[in-house]
$ cat start19.cif   # mmCIF, C-alpha atoms
data_work
loop_
_atom_site.group_PDB
_atom_site.id
_atom_site.type_symbol
_atom_site.label_atom_id
_atom_site.label_comp_id
_atom_site.auth_asym_id
_atom_site.auth_seq_id
_atom_site.Cartn_x
_atom_site.Cartn_y
_atom_site.Cartn_z
ATOM 1 C CA MET A 1 105.960 49.339 112.748
ATOM 2 C CA ASP A 2 103.037 50.099 115.056
ATOM 3 C CA ARG A 3 99.791 49.153 113.268
ATOM 4 C CA ARG A 4 98.128 52.305 114.597
ATOM 5 C CA LEU A 5 100.825 54.394 112.922
ATOM 6 C CA ILE A 6 100.358 52.465 109.676
ATOM 7 C CA ARG A 7 96.604 53.111 109.779
ATOM 8 C CA SER A 8 97.200 56.846 110.389
ATOM 9 C CA LEU A 9 99.619 57.093 107.476
ATOM 10 C CA ILE A 10 97.276 55.508 104.924
ATOM 11 C CA PRO A 11 94.840 58.472 104.782
ATOM 12 C CA LEU A 12 97.759 60.870 104.458
ATOM 13 C CA GLY A 13 99.090 58.872 101.542
ATOM 14 C CA LEU A 14 95.699 58.894 99.874
ATOM 15 C CA ILE A 15 95.475 62.660 100.323
ATOM 16 C CA ALA A 16 98.898 63.130 98.750
ATOM 17 C CA ILE A 17 97.954 60.911 95.798
ATOM 18 C CA ALA A 18 94.661 62.769 95.363
ATOM 19 C CA ALA A 19 96.485 66.110 95.392
ATOM 20 C CA ALA A 20 98.970 64.864 92.818
ATOM 21 C CA CYS A 21 96.144 63.599 90.616
ATOM 22 C CA ALA A 22 94.352 66.946 90.928
ATOM 23 C CA GLN A 23 97.484 68.706 89.725
ATOM 24 C CA THR A 24 97.872 66.362 86.766
ATOM 25 C CA ARG A 25 94.216 66.855 85.872
ATOM 26 C CA LYS A 26 94.593 70.617 85.547
ATOM 27 C CA GLU A 27 92.930 71.561 82.292
ATOM 28 C CA PRO A 28 95.186 72.906 79.529
ATOM 29 C CA PRO A 29 94.540 76.455 78.268
ATOM 30 C CA LYS A 30 91.667 76.837 75.840
ATOM 31 C CA ARG A 31 92.777 78.076 72.422
ATOM 32 C CA TYR A 32 90.758 80.409 70.217
ATOM 33 C CA PRO A 33 91.566 81.697 66.709
ATOM 34 C CA VAL A 34 91.479 85.501 66.474
ATOM 35 C CA GLN A 35 91.414 87.791 63.452
ATOM 36 C CA GLY A 36 92.017 91.482 63.988
ATOM 37 C CA GLN A 37 93.971 94.701 63.575
ATOM 38 C CA VAL A 38 96.757 95.927 65.804
ATOM 39 C CA LEU A 39 95.972 99.353 67.283
ATOM 40 C CA VAL A 40 98.700 99.755 69.908
ATOM 41 C CA VAL A 41 102.051 98.058 70.477
ATOM 42 C CA ASN A 42 103.605 98.358 73.938
ATOM 43 C CA VAL A 43 106.998 96.652 73.738
ATOM 44 C CA ALA A 44 108.010 97.552 77.297
ATOM 45 C CA ARG A 45 104.944 95.824 78.760
ATOM 46 C CA ARG A 46 104.852 93.160 76.010
ATOM 47 C CA GLU A 47 101.234 94.023 75.258
ATOM 48 C CA ILE A 48 99.236 94.401 72.053
ATOM 49 C CA THR A 49 95.888 96.152 71.733
ATOM 50 C CA LEU A 50 93.732 94.408 69.139
ATOM 51 C CA LYS A 51 90.500 95.373 67.447
ATOM 52 C CA HIS A 52 89.240 91.878 66.753
ATOM 53 C CA GLY A 53 86.128 90.192 65.421
ATOM 54 C CA ASP A 54 83.875 87.774 67.253
ATOM 55 C CA ILE A 55 85.665 84.948 69.045
ATOM 56 C CA PRO A 56 83.075 82.139 68.883
ATOM 57 C CA GLY A 57 82.511 80.533 72.252
ATOM 58 C CA PHE A 58 84.446 83.211 74.111
ATOM 59 C CA MET A 59 83.578 86.864 73.439
ATOM 60 C CA PRO A 60 81.997 89.218 70.878
ATOM 61 C CA ALA A 61 83.944 91.645 68.693
ATOM 62 C CA MET A 62 85.941 93.867 71.006
ATOM 63 C CA ILE A 63 89.002 96.025 71.524
ATOM 64 C CA MET A 64 91.236 94.359 74.080
ATOM 65 C CA THR A 65 94.806 94.612 75.302
ATOM 66 C CA TYR A 66 96.503 91.226 75.539
ATOM 67 C CA PRO A 67 99.959 90.198 76.757
ATOM 68 C CA ALA A 68 102.133 88.315 74.279
ATOM 69 C CA ALA A 69 103.409 84.912 75.366
ATOM 70 C CA ASN A 70 107.000 85.861 74.559
ATOM 71 C CA ALA A 71 109.093 88.798 73.362
ATOM 72 C CA ARG A 72 109.588 87.250 69.914
ATOM 73 C CA LEU A 73 105.896 87.788 69.120
ATOM 74 C CA MET A 74 106.427 91.546 69.487
ATOM 75 C CA ASP A 75 108.964 91.651 66.639
ATOM 76 C CA GLY A 76 107.652 93.601 63.669
ATOM 77 C CA ARG A 77 104.300 94.482 65.235
ATOM 78 C CA THR A 78 103.020 97.881 64.071
ATOM 79 C CA PRO A 79 99.750 99.833 64.462
ATOM 80 C CA GLY A 80 97.469 99.143 61.501
ATOM 81 C CA GLU A 81 98.814 95.625 60.956
ATOM 82 C CA LEU A 82 96.264 92.892 60.235
ATOM 83 C CA VAL A 83 96.971 89.654 62.070
ATOM 84 C CA SER A 84 95.752 86.135 62.629
ATOM 85 C CA ALA A 85 96.464 84.971 66.163
ATOM 86 C CA ILE A 86 95.815 82.254 68.721
ATOM 87 C CA LEU A 87 94.432 83.404 72.059
ATOM 88 C CA GLU A 88 95.183 81.042 74.929
ATOM 89 C CA VAL A 89 92.837 81.439 77.896
ATOM 90 C CA SER A 90 93.654 79.995 81.303
ATOM 91 C CA ASP A 91 91.906 81.009 84.534
ATOM 92 C CA SER A 92 90.077 83.746 82.579
ATOM 93 C CA ILE A 93 93.388 85.312 81.494
ATOM 94 C CA GLY A 94 93.989 85.615 77.742
ATOM 95 C CA THR A 95 97.471 85.525 76.216
ATOM 96 C CA LEU A 96 98.460 85.798 72.566
ATOM 97 C CA ALA A 97 100.360 82.576 71.949
ATOM 98 C CA ASP A 98 100.865 82.960 68.203
ATOM 99 C CA ILE A 99 100.645 85.909 65.796
ATOM 100 C CA THR A 100 100.805 85.824 62.003
ATOM 101 C CA HIS A 101 100.993 88.917 59.806
ATOM 102 C CA THR A 102 98.224 88.905 57.168
ATOM 103 C CA GLY A 103 98.341 92.463 55.814
ATOM 104 C CA THR A 104 97.920 96.129 56.667
ATOM 105 C CA ALA A 105 95.016 98.578 56.606
ATOM 106 C CA PRO A 106 94.422 102.214 57.582
ATOM 107 C CA LEU A 107 93.597 102.700 61.230
ATOM 108 C CA PRO A 108 89.831 103.064 61.836
ATOM 109 C CA SER A 109 88.604 106.570 61.020
ATOM 110 C CA ASP A 110 85.650 106.290 63.414
ATOM 111 C CA SER A 111 87.932 105.865 66.414
ATOM 112 C CA ASN A 112 90.804 107.469 68.283
ATOM 113 C CA ALA A 113 93.223 104.897 66.859
ATOM 114 C CA VAL A 114 95.436 107.571 65.283
ATOM 115 C CA GLN A 115 95.923 109.233 68.675
ATOM 116 C CA LEU A 116 96.634 105.827 70.191
ATOM 117 C CA ALA A 117 99.347 105.174 67.649
ATOM 118 C CA ALA A 118 101.017 108.446 68.644
ATOM 119 C CA GLY A 119 101.993 106.948 71.987
ATOM 120 C CA VAL A 120 100.498 105.587 75.201
ATOM 121 C CA LEU A 121 101.493 106.480 78.755
ATOM 122 C CA ASP A 122 103.115 103.797 80.879
ATOM 123 C CA ILE A 123 104.033 103.285 84.533
ATOM 124 C CA GLY A 124 106.299 106.119 85.674
ATOM 125 C CA ASP A 125 105.083 108.559 83.024
ATOM 126 C CA ALA A 126 103.711 111.958 84.010
ATOM 127 C CA VAL A 127 100.068 112.546 83.093
ATOM 128 C CA PRO A 128 99.642 115.626 80.852
ATOM 129 C CA ASP A 129 97.230 118.358 81.867
ATOM 130 C CA ALA A 130 93.967 118.992 80.039
ATOM 131 C CA ALA A 131 90.732 120.934 80.601
ATOM 132 C CA PHE A 132 87.386 119.233 81.236
ATOM 133 C CA ILE A 133 83.892 119.866 82.655
ATOM 134 C CA ASP A 134 82.540 117.996 85.666
ATOM 135 C CA GLN A 135 79.066 116.678 86.484
ATOM 136 C CA ASP A 136 78.182 120.037 88.077
ATOM 137 C CA ASN A 137 79.070 121.875 84.849
ATOM 138 C CA ARG A 138 82.215 123.371 86.354
ATOM 139 C CA ARG A 139 85.442 123.723 84.391
ATOM 140 C CA ARG A 140 88.173 121.513 85.816
ATOM 141 C CA SER A 141 91.849 120.991 85.033
ATOM 142 C CA PHE A 142 93.360 117.558 85.608
ATOM 143 C CA SER A 143 96.402 119.146 87.229
ATOM 144 C CA GLU A 144 94.295 120.275 90.197
ATOM 145 C CA TRP A 145 94.387 116.707 91.546
ATOM 146 C CA LYS A 146 98.162 116.673 91.698
ATOM 147 C CA GLY A 147 99.353 116.340 95.285
ATOM 148 C CA LYS A 148 97.064 113.413 96.137
ATOM 149 C CA PRO A 149 96.849 109.866 94.768
ATOM 150 C CA VAL A 150 94.111 109.569 92.141
ATOM 151 C CA VAL A 151 92.287 106.512 90.812
ATOM 152 C CA VAL A 152 91.403 107.239 87.174
ATOM 153 C CA SER A 153 88.807 105.245 85.225
ATOM 154 C CA PHE A 154 87.098 105.544 81.820
ATOM 155 C CA VAL A 155 83.474 104.605 81.042
ATOM 156 C CA TYR A 156 80.404 105.718 79.129
ATOM 157 C CA THR A 157 76.964 105.892 80.682
ATOM 158 C CA ARG A 158 75.107 103.939 77.963
ATOM 159 C CA CYS A 159 77.378 100.909 78.124
ATOM 160 C CA PRO A 160 75.038 97.890 77.839
ATOM 161 C CA LEU A 161 77.424 95.223 79.159
ATOM 162 C CA PRO A 162 77.183 94.741 82.958
ATOM 163 C CA GLU A 163 80.699 93.314 83.202
ATOM 164 C CA TYR A 164 82.301 96.360 81.553
ATOM 165 C CA CYS A 165 81.566 100.024 82.390
ATOM 166 C CA PRO A 166 78.855 99.280 85.004
ATOM 167 C CA LEU A 167 81.215 96.934 86.863
ATOM 168 C CA THR A 168 83.976 99.550 86.780
ATOM 169 C CA GLU A 169 81.567 102.129 88.222
ATOM 170 C CA GLN A 170 80.427 99.734 90.937
ATOM 171 C CA ASN A 171 84.045 99.086 91.907
ATOM 172 C CA VAL A 172 84.778 102.811 92.108
ATOM 173 C CA ALA A 173 81.597 103.335 94.162
ATOM 174 C CA THR A 174 82.848 100.653 96.550
ATOM 175 C CA LEU A 175 86.180 102.458 96.758
ATOM 176 C CA GLN A 176 84.351 105.665 97.677
ATOM 177 C CA ARG A 177 82.497 103.918 100.525
ATOM 178 C CA ARG A 178 85.560 102.143 101.859
ATOM 179 C CA LEU A 179 87.737 105.250 101.682
ATOM 180 C CA ARG A 180 85.244 106.981 103.961
ATOM 181 C CA ASP A 181 85.947 104.419 106.696
ATOM 182 C CA ASP A 182 89.688 104.044 106.147
ATOM 183 C CA THR A 183 91.649 105.957 108.790
ATOM 184 C CA VAL A 184 94.809 105.929 106.656
ATOM 185 C CA LEU A 185 93.332 106.877 103.286
ATOM 186 C CA ARG A 186 90.366 109.050 104.269
ATOM 187 C CA ASP A 187 90.747 112.548 102.741
ATOM 188 C CA GLN A 188 93.960 111.414 101.039
ATOM 189 C CA VAL A 189 92.644 109.929 97.793
ATOM 190 C CA ARG A 190 90.576 111.221 94.892
ATOM 191 C CA LEU A 191 88.548 109.273 92.324
ATOM 192 C CA VAL A 192 88.200 110.654 88.791
ATOM 193 C CA THR A 193 86.086 108.990 86.093
ATOM 194 C CA PHE A 194 86.119 110.168 82.469
ATOM 195 C CA THR A 195 83.442 109.511 79.897
ATOM 196 C CA PHE A 196 84.689 108.711 76.403
ATOM 197 C CA ASP A 197 81.269 109.616 74.964
ATOM 198 C CA PRO A 198 81.248 113.388 75.576
ATOM 199 C CA VAL A 199 78.629 114.139 72.903
ATOM 200 C CA ARG A 200 75.959 112.236 74.832
ATOM 201 C CA ASP A 201 77.427 112.310 78.333
ATOM 202 C CA THR A 202 76.831 115.998 79.013
ATOM 203 C CA PRO A 203 77.182 117.418 82.540
ATOM 204 C CA ALA A 204 73.403 117.091 83.008
ATOM 205 C CA VAL A 205 73.503 113.424 81.962
ATOM 206 C CA LEU A 206 76.460 112.762 84.263
ATOM 207 C CA ALA A 207 74.723 114.480 87.193
ATOM 208 C CA GLU A 208 71.677 112.256 86.780
ATOM 209 C CA HIS A 209 73.791 109.159 86.180
ATOM 210 C CA THR A 210 76.000 109.644 89.234
ATOM 211 C CA ALA A 211 73.092 110.190 91.615
ATOM 212 C CA ARG A 212 72.653 106.417 91.828
ATOM 213 C CA PHE A 213 76.153 106.081 93.285
ATOM 214 C CA LYS A 214 75.592 108.723 95.998
ATOM 215 C CA LEU A 215 78.649 110.450 94.604
ATOM 216 C CA ASP A 216 80.561 112.574 97.107
ATOM 217 C CA PRO A 217 81.986 115.465 95.006
ATOM 218 C CA LYS A 218 84.766 115.934 97.567
ATOM 219 C CA VAL A 219 86.047 112.464 96.690
ATOM 220 C CA TRP A 220 84.696 111.376 93.297
ATOM 221 C CA THR A 221 84.406 113.442 90.120
ATOM 222 C CA PHE A 222 82.996 112.568 86.696
ATOM 223 C CA LEU A 223 84.444 114.488 83.748
ATOM 224 C CA THR A 224 83.366 115.202 80.192
ATOM 225 C CA GLY A 225 84.434 117.927 77.772
ATOM 226 C CA ASP A 226 85.365 118.763 74.214
ATOM 227 C CA ALA A 227 85.253 115.604 72.087
ATOM 228 C CA VAL A 228 88.759 116.021 70.641
ATOM 229 C CA THR A 229 90.255 116.704 74.072
ATOM 230 C CA VAL A 230 88.480 113.719 75.634
ATOM 231 C CA GLN A 231 89.428 111.286 72.873
ATOM 232 C CA THR A 232 93.045 112.449 72.804
ATOM 233 C CA PHE A 233 93.325 112.233 76.595
ATOM 234 C CA ALA A 234 91.759 108.754 76.634
ATOM 235 C CA ALA A 235 94.147 107.609 73.889
ATOM 236 C CA LYS A 236 97.116 108.702 76.004
ATOM 237 C CA PHE A 237 95.916 106.192 78.608
ATOM 238 C CA GLY A 238 95.539 103.446 76.011
ATOM 239 C CA ILE A 239 91.744 103.675 75.931
ATOM 240 C CA SER A 240 90.644 102.737 72.417
ATOM 241 C CA THR A 241 87.139 103.605 71.209
ATOM 242 C CA ILE A 242 85.301 102.832 67.981
ATOM 243 C CA GLN A 243 81.831 104.263 67.407
ATOM 244 C CA ASP A 244 79.589 102.707 64.772
ATOM 245 C CA PRO A 245 77.891 105.575 62.874
ATOM 246 C CA ASN A 246 74.875 103.310 62.290
ATOM 247 C CA HIS A 247 74.574 102.615 66.029
ATOM 248 C CA PRO A 248 75.994 105.731 67.730
ATOM 249 C CA ALA A 249 74.882 104.625 71.204
ATOM 250 C CA GLU A 250 77.197 101.608 71.016
ATOM 251 C CA ILE A 251 80.933 102.072 71.491
ATOM 252 C CA THR A 252 83.450 99.272 71.128
ATOM 253 C CA HIS A 253 86.184 99.895 73.666
ATOM 254 C CA ASN A 254 88.698 98.411 76.043
ATOM 255 C CA LEU A 255 88.957 99.085 79.784
ATOM 256 C CA ARG A 256 91.925 100.288 81.807
ATOM 257 C CA THR A 257 92.023 101.835 85.271
ATOM 258 C CA PHE A 258 94.986 103.763 86.680
ATOM 259 C CA LEU A 259 96.513 104.670 89.994
ATOM 260 C CA ILE A 260 98.222 108.052 89.721
ATOM 261 C CA GLY A 261 100.672 109.016 92.455
ATOM 262 C CA ALA A 262 100.682 112.352 94.249
ATOM 263 C CA ASP A 263 103.563 113.325 91.950
ATOM 264 C CA GLY A 264 101.253 113.075 88.936
ATOM 265 C CA ARG A 265 102.900 109.936 87.554
ATOM 266 C CA ILE A 266 101.274 106.592 86.782
ATOM 267 C CA ALA A 267 101.964 104.117 89.575
ATOM 268 C CA LYS A 268 99.721 101.180 88.603
ATOM 269 C CA ILE A 269 97.702 100.033 85.595
ATOM 270 C CA TYR A 270 94.756 97.662 85.981
ATOM 271 C CA SER A 271 93.626 96.124 82.687
ATOM 272 C CA GLY A 272 90.023 95.130 82.111
ATOM 273 C CA SER A 273 87.196 95.399 84.623
ATOM 274 C CA ASP A 274 88.077 92.498 86.885
ATOM 275 C CA TRP A 275 90.214 94.491 89.328
ATOM 276 C CA THR A 276 88.890 94.578 92.884
ATOM 277 C CA PRO A 277 88.584 97.513 95.299
ATOM 278 C CA GLY A 278 90.616 95.541 97.845
ATOM 279 C CA VAL A 279 93.610 95.325 95.521
ATOM 280 C CA VAL A 280 93.469 99.055 94.736
ATOM 281 C CA LEU A 281 93.117 99.960 98.417
ATOM 282 C CA ALA A 282 96.198 97.875 99.238
ATOM 283 C CA ASP A 283 98.142 99.605 96.454
ATOM 284 C CA LEU A 284 96.948 102.996 97.718
ATOM 285 C CA ARG A 285 98.108 102.217 101.270
ATOM 286 C CA ALA A 286 101.516 101.168 99.943
ATOM 287 C CA LEU A 287 101.715 104.364 97.907
ATOM 288 C CA VAL A 288 100.740 106.613 100.824
ATOM 289 C CA SER A 289 103.094 104.857 103.261
ATOM 290 C CA SER A 290 106.020 105.256 100.871
ATOM 291 C CA LYS A 291 105.738 109.048 100.859
#
$ encode --input "start19.cif" --output "structure tokens"
Amino acid sequence: MDRRLIRSLIPLGLIAIAAACAQTRKEPPKRYPVQGQVLVVNVARREITLKHGDIPGFMPAMIMTYPAANARLMDGRTPGELVSAILEVSDSIGTLADITHTGTAPLPSDSNAVQLAAGVLDIGDAVPDAAFIDQDNRRRSFSEWKGKPVVVSFVYTRCPLPEYCPLTEQNVATLQRRLRDDTVLRDQVRLVTFTFDPVRDTPAVLAEHTARFKLDPKVWTFLTGDAVTVQTFAAKFGISTIQDPNHPAEITHNLRTFLIGADGRIAKIYSGSDWTPGVVLADLRALVSSK
């Protein structure tokens, strides 16, 4: 064989070996013990919403929706159940790898857990109508957005964690800016953000809060309203909230964002706050082009 060819093949072989070694060195998932209470069971999506305590080295006490590693783990799961579980985390994605029943307890009375247990909307489901009040103190009905795709999010203005509600708001603000320059989606999409803290997030508070985002009321609307209506509506979307009476400004909650089609049905569900505007814009273009 030509020595020049041999010399050229050696680096390629080293690269291949290095790549193989890199693959074998991939770190295994980190495993964390979790103690908590089941709030919502979604068999179709193989997801469980847990109100859990602190997970040392990973996250504080929280309400989160996690996928189960397999369908068997969903057997026998019921709202109110107390469980011990193992959370496997790989590439920042948590999966319940093991679940053990430890007891039962009433659903939290300081939350909307009872409404959650009554049923959560899923992809393909029609969103029910309800009456709210926007940041300009005008009465609004959710049905008025039917006919256009809507990106729906849930936050509260006092949220102290930058990676939760504030990040969701920043992502929606980015969507508003990018929609303005998108020749396909401009004037075709609406953004609707609900507060799940209606007692404190009055229209006046929302008006002041949204000024920082240069909110365009023709595109983006913040909504508040009657506390029962807001909590029931949020529960339909799988938004769980627990308010500590000793610290009323702090709300333990999960995060979910939704893409609603022009037909008023849920087209996409984005769990957590790590969705990106680019992904939602791509989904919106696909939705609009399929009309």
$ closest_residue --input "start19.cif" --among "A:Pro203, A:Pro79, A:Gly147, A:Pro28" --to "Asp134 of chain A" --atoms "all atoms listed in the file"
A:Pro203
$ residues_around --input "start19.cif" --residues "Pro160 of chain A" --least-positions-apart "4" --cutoff "12 Å" --atoms "all atoms listed in the file" --output "VMD selection string"
chain A and resid 155 to 156 164 to 167 249 to 252
$ closest_residue --input "start19.cif" --among "A:Gly124, A:Gly225, A:Gly57, A:Pro217" --to "Asp263 of chain A" --atoms "all atoms listed in the file"
A:Gly124
$ axis_aligned_box --input "start19.cif" --around "segment 162-170 of chain A" --padding-each-side "5 Å" --output "lines of an AutoDock Vina configuration file"
center_x = 80.6
center_y = 97.7
center_z = 86.2
size_x = 16.8
size_y = 18.8
size_z = 19.4
$ resolve_selection --input "start19.cif" --expression "the PyMOL selection byres ((chain A and resi 88-92) around 10)" --output "short mmCIF file (atom, residue, chain, number, x, y, z; two decimals) with C-alpha atoms, keeping the file's coordinate frame"
data_model
loop_
_atom_site.label_atom_id
_atom_site.label_comp_id
_atom_site.auth_asym_id
_atom_site.auth_seq_id
_atom_site.Cartn_x
_atom_site.Cartn_y
_atom_site.Cartn_z
CA GLU A 27 92.93 71.56 82.29
CA PRO A 28 95.19 72.91 79.53
CA PRO A 29 94.54 76.46 78.27
CA LYS A 30 91.67 76.84 75.84
CA ARG A 31 92.78 78.08 72.42
CA TYR A 32 90.76 80.41 70.22
CA PRO A 33 91.57 81.70 66.71
CA PHE A 58 84.45 83.21 74.11
CA ALA A 69 103.41 84.91 75.37
CA ALA A 85 96.46 84.97 66.16
CA ILE A 86 95.82 82.25 68.72
CA LEU A 87 94.43 83.40 72.06
CA ILE A 93 93.39 85.31 81.49
CA GLY A 94 93.99 85.62 77.74
CA THR A 95 97.47 85.52 76.22
CA LEU A 96 98.46 85.80 72.57
CA ALA A 97 100.36 82.58 71.95
CA ASP A 98 100.86 82.96 68.20
CA ASP A 274 88.08 92.50 86.88
#
$ resolve_selection --input "start19.cif" --expression "the PyMOL selection byres ((chain A and resi 141) around 8)" --output "list of chain:residue names"
A:Asp129, A:Ala130, A:Ala131, A:Phe132, A:Arg139, A:Arg140, A:Phe142, A:Ser143, A:Glu144
$ closest_residue --input "start19.cif" --among "A:Val280, A:Leu223, A:Leu39, A:Ala262" --to "Gln115 of chain A" --atoms "only C-alpha atoms"
A:Leu39
$ decode --input "start19.cif" --residues "segment 81-163 of chain A" --atoms "C-alpha atoms" --output "CSV table (one decimal), in the first residue's frame"
chain,number,residue,atom,x,y,z
A,81,GLU,CA,-51.4,8.7,46.4
A,82,LEU,CA,-48.2,9.1,48.4
A,83,VAL,CA,-45.2,7.7,46.7
A,84,SER,CA,-41.4,7.1,46.9
A,85,ALA,CA,-39.8,7.3,43.5
A,86,ILE,CA,-36.4,7.5,41.7
A,87,LEU,CA,-35.9,10.4,39.4
A,88,GLU,CA,-33.4,9.7,36.6
A,89,VAL,CA,-32.0,12.9,35.0
A,90,SER,CA,-30.1,12.8,31.7
A,91,ASP,CA,-29.4,15.9,29.6
A,92,SER,CA,-31.6,17.9,32.0
A,93,ILE,CA,-34.6,15.7,31.4
A,94,GLY,CA,-36.1,14.0,34.4
A,95,THR,CA,-37.9,10.6,34.1
A,96,LEU,CA,-39.6,8.6,36.9
A,97,ALA,CA,-37.7,5.3,36.8
A,98,ASP,CA,-39.3,3.7,39.8
A,99,ILE,CA,-42.4,4.4,41.9
A,100,THR,CA,-43.4,2.8,45.2
A,101,HIS,CA,-46.8,3.3,46.8
A,102,THR,CA,-46.4,4.5,50.5
A,103,GLY,CA,-49.9,5.6,51.4
A,104,THR,CA,-52.6,8.1,50.6
A,105,ALA,CA,-53.6,11.5,51.9
A,106,PRO,CA,-56.2,14.2,51.1
A,107,LEU,CA,-55.3,16.4,48.2
A,108,PRO,CA,-53.9,19.8,49.4
A,109,SER,CA,-56.7,22.2,50.5
A,110,ASP,CA,-54.6,25.2,49.7
A,111,SER,CA,-54.3,24.4,46.1
A,112,ASN,CA,-56.4,23.6,43.0
A,113,ALA,CA,-55.6,19.9,43.3
A,114,VAL,CA,-59.2,18.9,43.5
A,115,GLN,CA,-59.9,20.6,40.2
A,116,LEU,CA,-56.9,19.0,38.7
A,117,ALA,CA,-58.1,15.5,39.7
A,118,ALA,CA,-61.4,16.2,37.9
A,119,GLY,CA,-59.6,16.0,34.6
A,120,VAL,CA,-56.9,17.7,32.5
A,121,LEU,CA,-57.1,18.7,28.8
A,122,ASP,CA,-54.9,16.9,26.4
A,123,ILE,CA,-53.8,17.3,22.7
A,124,GLY,CA,-56.9,17.4,20.5
A,125,ASP,CA,-59.2,18.5,23.3
A,126,ALA,CA,-61.3,21.6,22.8
A,127,VAL,CA,-60.6,24.4,25.3
A,128,PRO,CA,-63.7,25.4,27.3
A,129,ASP,CA,-64.8,29.1,27.4
A,130,ALA,CA,-64.5,31.2,30.4
A,131,ALA,CA,-64.7,34.9,31.3
A,132,PHE,CA,-61.7,37.0,32.4
A,133,ILE,CA,-60.4,40.6,32.7
A,134,ASP,CA,-57.4,41.8,30.8
A,135,GLN,CA,-54.6,44.2,31.8
A,136,ASP,CA,-56.7,47.2,30.6
A,137,ASN,CA,-59.6,46.2,32.9
A,138,ARG,CA,-61.8,45.0,30.0
A,139,ARG,CA,-63.9,41.9,30.3
A,140,ARG,CA,-62.7,39.2,27.9
A,141,SER,CA,-64.0,35.8,26.9
A,142,PHE,CA,-61.5,33.1,25.9
A,143,SER,CA,-63.7,32.1,22.9
A,144,GLU,CA,-63.0,35.5,21.2
A,145,TRP,CA,-59.6,34.1,20.2
A,146,LYS,CA,-61.1,31.2,18.3
A,147,GLY,CA,-60.3,31.5,14.6
A,148,LYS,CA,-56.6,32.2,15.1
A,149,PRO,CA,-53.8,30.1,16.6
A,150,VAL,CA,-53.1,31.1,20.2
A,151,VAL,CA,-50.0,30.5,22.4
A,152,VAL,CA,-51.3,30.2,26.0
A,153,SER,CA,-49.0,30.5,29.0
A,154,PHE,CA,-49.5,30.7,32.8
A,155,VAL,CA,-47.4,32.8,35.2
A,156,TYR,CA,-47.6,35.0,38.3
A,157,THR,CA,-45.9,38.4,38.5
A,158,ARG,CA,-44.2,37.9,41.9
A,159,CYS,CA,-42.5,34.7,40.9
A,160,PRO,CA,-39.0,34.9,42.4
A,161,LEU,CA,-37.3,32.2,40.3
A,162,PRO,CA,-35.7,33.6,37.0
A,163,GLU,CA,-35.9,30.2,35.3
